[in-house]
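Next comes upload21.txt, a file with compact mmCIF, C-alpha atoms.
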```
# COMPACT_ATOMS: atom_id res chain seq x y z
CA MET O 24 52.06 -62.54 14.12
CA LYS O 25 48.30 -62.80 14.56
CA LEU O 26 47.00 -65.64 16.62
CA THR O 27 44.02 -67.58 15.29
CA PRO O 28 41.88 -70.25 17.03
CA LEU O 29 43.34 -72.85 14.67
CA ASP O 30 46.88 -71.86 15.78
CA ILE O 31 45.86 -72.42 19.37
CA LYS O 32 44.36 -75.82 18.57
CA LYS O 33 47.41 -77.02 16.65
CA GLN O 34 49.97 -75.68 19.06
CA GLU O 35 52.24 -78.46 20.25
CA PHE O 36 54.53 -78.28 23.21
CA LYS O 37 57.74 -80.19 23.90
CA ARG O 38 57.45 -83.20 26.04
CA VAL O 39 59.31 -83.24 29.21
CA PHE O 40 59.47 -85.62 32.05
CA ARG O 41 57.09 -84.74 34.68
CA GLY O 42 55.32 -82.14 32.51
CA TYR O 43 51.72 -81.09 32.59
CA ASP O 44 48.82 -83.46 32.15
CA ARG O 45 48.47 -83.81 28.46
CA LEU O 46 44.65 -84.17 28.50
CA GLU O 47 44.24 -81.19 30.77
CA VAL O 48 46.43 -79.01 28.58
CA GLU O 49 44.61 -80.06 25.40
CA THR O 50 41.21 -79.44 27.05
CA PHE O 51 42.37 -76.02 28.22
CA LEU O 52 43.79 -75.19 24.79
CA GLU O 53 40.50 -76.29 23.20
CA MET O 54 38.57 -74.05 25.60
CA VAL O 55 40.91 -71.10 24.99
CA ALA O 56 40.67 -71.63 21.20
CA ASN O 57 36.85 -71.69 21.36
CA GLU O 58 36.75 -68.58 23.54
CA PHE O 59 39.26 -66.85 21.25
CA GLU O 60 37.15 -67.81 18.23
CA ASP O 61 34.03 -66.38 19.89
CA LEU O 62 35.92 -63.17 20.66
CA LEU O 63 37.15 -62.92 17.07
CA ASN O 64 33.60 -63.50 15.77
CA GLU O 65 32.27 -60.86 18.15
CA ARG O 66 35.04 -58.49 17.08
CA ASN O 67 34.23 -59.07 13.39
CA THR O 68 30.54 -58.51 14.12
CA LEU O 69 31.39 -55.30 15.97
CA TYR O 70 33.61 -54.14 13.09
CA GLU O 71 30.76 -54.76 10.66
CA GLU O 72 28.39 -52.89 12.96
CA ILE O 73 30.88 -50.04 13.27
CA THR O 74 31.23 -49.91 9.49
CA THR O 75 27.43 -49.89 9.10
CA LEU O 76 27.06 -47.22 11.78
CA ARG O 77 29.81 -45.11 10.22
CA THR O 78 28.09 -45.36 6.84
CA ARG O 79 24.77 -44.40 8.41
CA LEU O 80 26.49 -41.58 10.31
CA LYS O 81 27.96 -40.25 7.08
CA ASP O 82 24.52 -40.48 5.48
CA TYR O 83 22.96 -38.65 8.42
CA GLN O 84 25.69 -36.04 8.35
CA GLN O 85 25.08 -35.52 4.65
CA VAL O 86 21.33 -35.25 5.26
CA GLU O 87 22.04 -32.82 8.10
CA HIS O 88 24.29 -30.77 5.82
CA THR O 89 21.63 -30.76 3.11
CA LEU O 90 18.96 -29.73 5.64
CA LYS O 91 21.18 -26.92 6.93
CA GLU O 92 21.78 -25.68 3.39
CA THR O 93 18.05 -25.91 2.64
CA LEU O 94 17.22 -24.08 5.86
CA MET O 95 19.75 -21.37 5.09
CA SER O 96 18.41 -21.06 1.56
CA ALA O 97 14.84 -20.88 2.86
CA GLN O 98 15.87 -18.26 5.41
CA GLU O 99 17.55 -16.19 2.70
CA SER O 100 14.45 -16.54 0.51
CA VAL O 101 12.25 -15.38 3.38
CA ASN O 102 14.55 -12.43 4.02
CA ARG O 103 14.57 -11.49 0.32
CA ALA O 104 10.79 -11.84 0.18
CA ARG O 105 10.39 -9.65 3.27
CA VAL O 106 12.73 -7.00 1.85
CA ASN O 107 10.91 -7.08 -1.50
CA THR O 108 7.55 -6.88 0.24
CA GLU O 109 8.69 -3.92 2.33
CA ARG O 110 10.08 -2.23 -0.79
CA GLU O 111 6.82 -2.80 -2.67
CA ALA O 112 4.80 -1.56 0.31
CA ASN O 113 6.93 1.59 0.45
CA LEU O 114 6.49 2.15 -3.29
CA ILE O 115 2.72 1.67 -3.01
CA LEU O 116 2.64 4.04 -0.05
CA GLN O 117 4.66 6.66 -1.93
CA GLU O 118 2.41 6.34 -4.98
CA ALA O 119 -0.67 6.67 -2.78
CA GLU O 120 0.79 9.76 -1.10
CA LEU O 121 1.58 11.32 -4.49
CA LYS O 122 -1.93 10.57 -5.75
CA ALA O 123 -3.39 12.00 -2.55
CA GLU O 124 -1.30 15.15 -2.93
CA LYS O 125 -2.44 15.51 -6.56
CA ILE O 126 -6.07 15.00 -5.54
CA VAL O 127 -5.76 17.56 -2.75
CA GLU O 128 -4.00 20.02 -5.07
CA LYS O 129 -6.67 19.51 -7.74
CA ALA O 130 -9.41 20.00 -5.14
CA ARG O 131 -7.72 23.20 -3.95
CA SER O 132 -7.42 24.42 -7.51
CA GLU O 133 -11.07 23.62 -8.19
CA LEU O 134 -12.04 25.34 -4.94
CA GLU O 135 -10.12 28.47 -5.96
CA GLN O 136 -11.74 28.36 -9.40
CA LEU O 137 -15.18 27.96 -7.82
CA LYS O 138 -14.47 30.86 -5.45
CA SER O 139 -13.38 32.96 -8.42
CA ASP O 140 -16.48 31.95 -10.40
CA LEU O 141 -18.69 32.69 -7.39
CA ALA O 142 -17.13 36.12 -6.94
CA LEU O 143 -17.68 36.83 -10.66
CA ILE O 144 -21.30 35.66 -10.46
CA LYS O 145 -21.86 37.82 -7.35
CA ALA O 146 -20.37 40.81 -9.13
CA GLN O 147 -22.58 40.17 -12.16
CA LYS O 148 -25.62 39.76 -9.88
CA ASP O 149 -24.81 43.00 -8.06
CA SER O 150 -24.32 44.80 -11.38
CA LEU O 151 -27.57 43.40 -12.76
CA ALA O 152 -29.38 44.31 -9.53
CA ARG O 153 -28.08 47.89 -9.75
CA LYS O 154 -29.12 48.15 -13.41
CA LEU O 155 -32.56 46.72 -12.64
CA LYS O 156 -32.93 49.10 -9.68
CA HIS O 157 -31.89 52.04 -11.84
CA LEU O 158 -34.26 50.89 -14.59
CA LEU O 159 -37.11 50.46 -12.09
CA GLU O 160 -36.42 53.88 -10.58
CA ALA O 161 -36.45 55.38 -14.07
CA GLU O 162 -39.72 53.60 -14.84
CA LEU O 163 -41.23 54.81 -11.56
CA GLU O 164 -40.17 58.36 -12.40
CA LEU O 165 -41.73 57.91 -15.82
CA ILE O 166 -44.93 56.67 -14.22
CA ASP O 167 -44.91 59.69 -11.87
CA VAL O 168 -44.38 62.01 -14.84
CA LEU O 169 -47.19 60.33 -16.76
CA GLN O 170 -49.52 60.58 -13.77
CA THR O 171 -48.61 64.22 -13.32
CA GLU O 172 -49.36 64.91 -17.00
CA ASP O 173 -52.64 63.03 -16.70
CA LEU O 174 -53.59 65.27 -13.79
CA GLU O 175 -52.62 68.37 -15.76
CA VAL O 176 -54.64 67.19 -18.72
CA LYS O 177 -57.64 66.70 -16.45
CA LYS O 178 -57.12 70.15 -14.94
CA GLU O 179 -56.96 71.71 -18.40
CA LYS O 180 -60.27 70.15 -19.30
CA VAL O 181 -61.79 71.36 -16.10
CA SER O 182 -60.14 74.81 -15.89
CA PRO O 183 -61.01 77.83 -18.08
CA PRO O 184 -58.72 78.71 -20.95
CA LYS O 185 -55.68 80.80 -20.18
CA PRO O 186 -55.03 84.16 -21.57
CA LYS O 187 -53.02 84.25 -24.76
CA ALA O 188 -50.00 85.82 -23.20
CA LEU O 189 -49.67 82.88 -20.91
CA GLU O 190 -50.21 80.43 -23.72
CA HIS O 191 -47.06 81.53 -25.48
CA GLU O 192 -44.94 80.62 -22.53
CA ASP O 193 -46.58 77.19 -22.25
CA ASP O 194 -45.94 76.55 -25.94
CA LYS O 195 -42.26 76.82 -25.35
CA LYS O 196 -42.34 73.87 -22.95
CA PRO O 197 -42.44 70.47 -24.57
CA LYS O 198 -45.73 68.74 -24.27
CA GLY O 199 -45.89 65.07 -23.28
CA PRO O 200 -43.27 62.99 -21.54
CA VAL O 201 -39.67 62.98 -22.66
CA LEU O 202 -38.90 59.25 -22.72
CA ASP O 203 -35.41 59.42 -24.17
CA GLN O 204 -33.87 60.61 -20.94
CA TYR O 205 -35.19 57.58 -19.03
CA VAL O 206 -33.97 54.87 -21.29
CA VAL O 207 -31.03 53.11 -19.77
```

Spell out the structure here as structure tokens.
Amino acid sequence: MKLTPLDIKKQEFKRVFRGYDRLEVETFLEMVANEFEDLLNERNTLYEEITTLRTRLKDYQQVEHTLKETLMSAQESVNRARVNTEREANLILQEAELKAEKIVEKARSELEQLKSDLALIKAQKDSLARKLKHLLEAELELIDVLQTEDLEVKKEKVSPPKPKALEHEDDKKPKGPVLDQYVV
């Protein structure tokens, strides 16, 4: 049975001869009842406070749980973003390396083509130089022949006529330059 302040105040005791002082007992019971009432009020206040604090604690625990989940989710997002960024960076790097290899290969191919073209041009230049040299040599020989003939023509004008027996031998030789043999 729970004891209340009202129970204390209404409590009656049997009367006996030579018992306690009635006024003193009632005063003490009144004081105990008041003190008990104060303690019950304080207890009720503490229970209410405990209930409020428990409610707040549950709220804080829920907020803490939510924050932990959010933090974990954010951490996972950061990790995924970092992995994706690294993957993209690797892909970009691989593409750049492939492009660089293609550029280098193309440059090498162009260099080889240019070397081949240069060798062909040098060969053509050398061939043309030889032909020009041969042509110039032939022209110089022709000029020498023409000069020699001019000198002979001058000598003929200056020298007396040859005897007829000698003329027949000279008639056999072609007169004038033979140009066909010098044409290249």

- Item | 12 Å contact set for Asp30 (chain O), only C-alpha atoms, chain neighbours under 3 positions out, as a ChimeraX atom specification | /O:24-27,33-35,52-53,55-57,59-60

Give the padded box for region 84-93 of chain O as lines of an AutoDock Vina configuration file: axis-aligned, covering all atoms listed in the file, 8 Å on each side, centre and edge lengths in Å to one decimal.
```
center_x = 21.9
center_y = -30.9
center_z = 5.5
size_x = 23.6
size_y = 26.4
size_z = 21.7
```

- Separation of CA of Leu29 (chain O) from CA of Leu63 (chain O) in Å: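 Separation between CA of Leu63 (chain O) and CA of Leu29 (chain O): 11.9 Å.
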
- Task: Can you work out which one of O:Leu141, O:Leu76, O:Val48, O:Leu121 has the shortest atom-to-atom distance to Ile31 (chain O), counting only C-alpha atoms?
- Result: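 Closest residue, counting only C-alpha atoms: O:Val48.
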
- Note on the structure: The distance between CA of Glu47 (chain O) and CA of Lys32 (chain O) is 13.3 Å

- Task: Please measure the separation of CA of Lys138 (chain O) and CA of Leu151 (chain O), giving the value in Å to one decimal.
- Result: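 Separation between CA of Lys138 (chain O) and CA of Leu151 (chain O): 19.6 Å.
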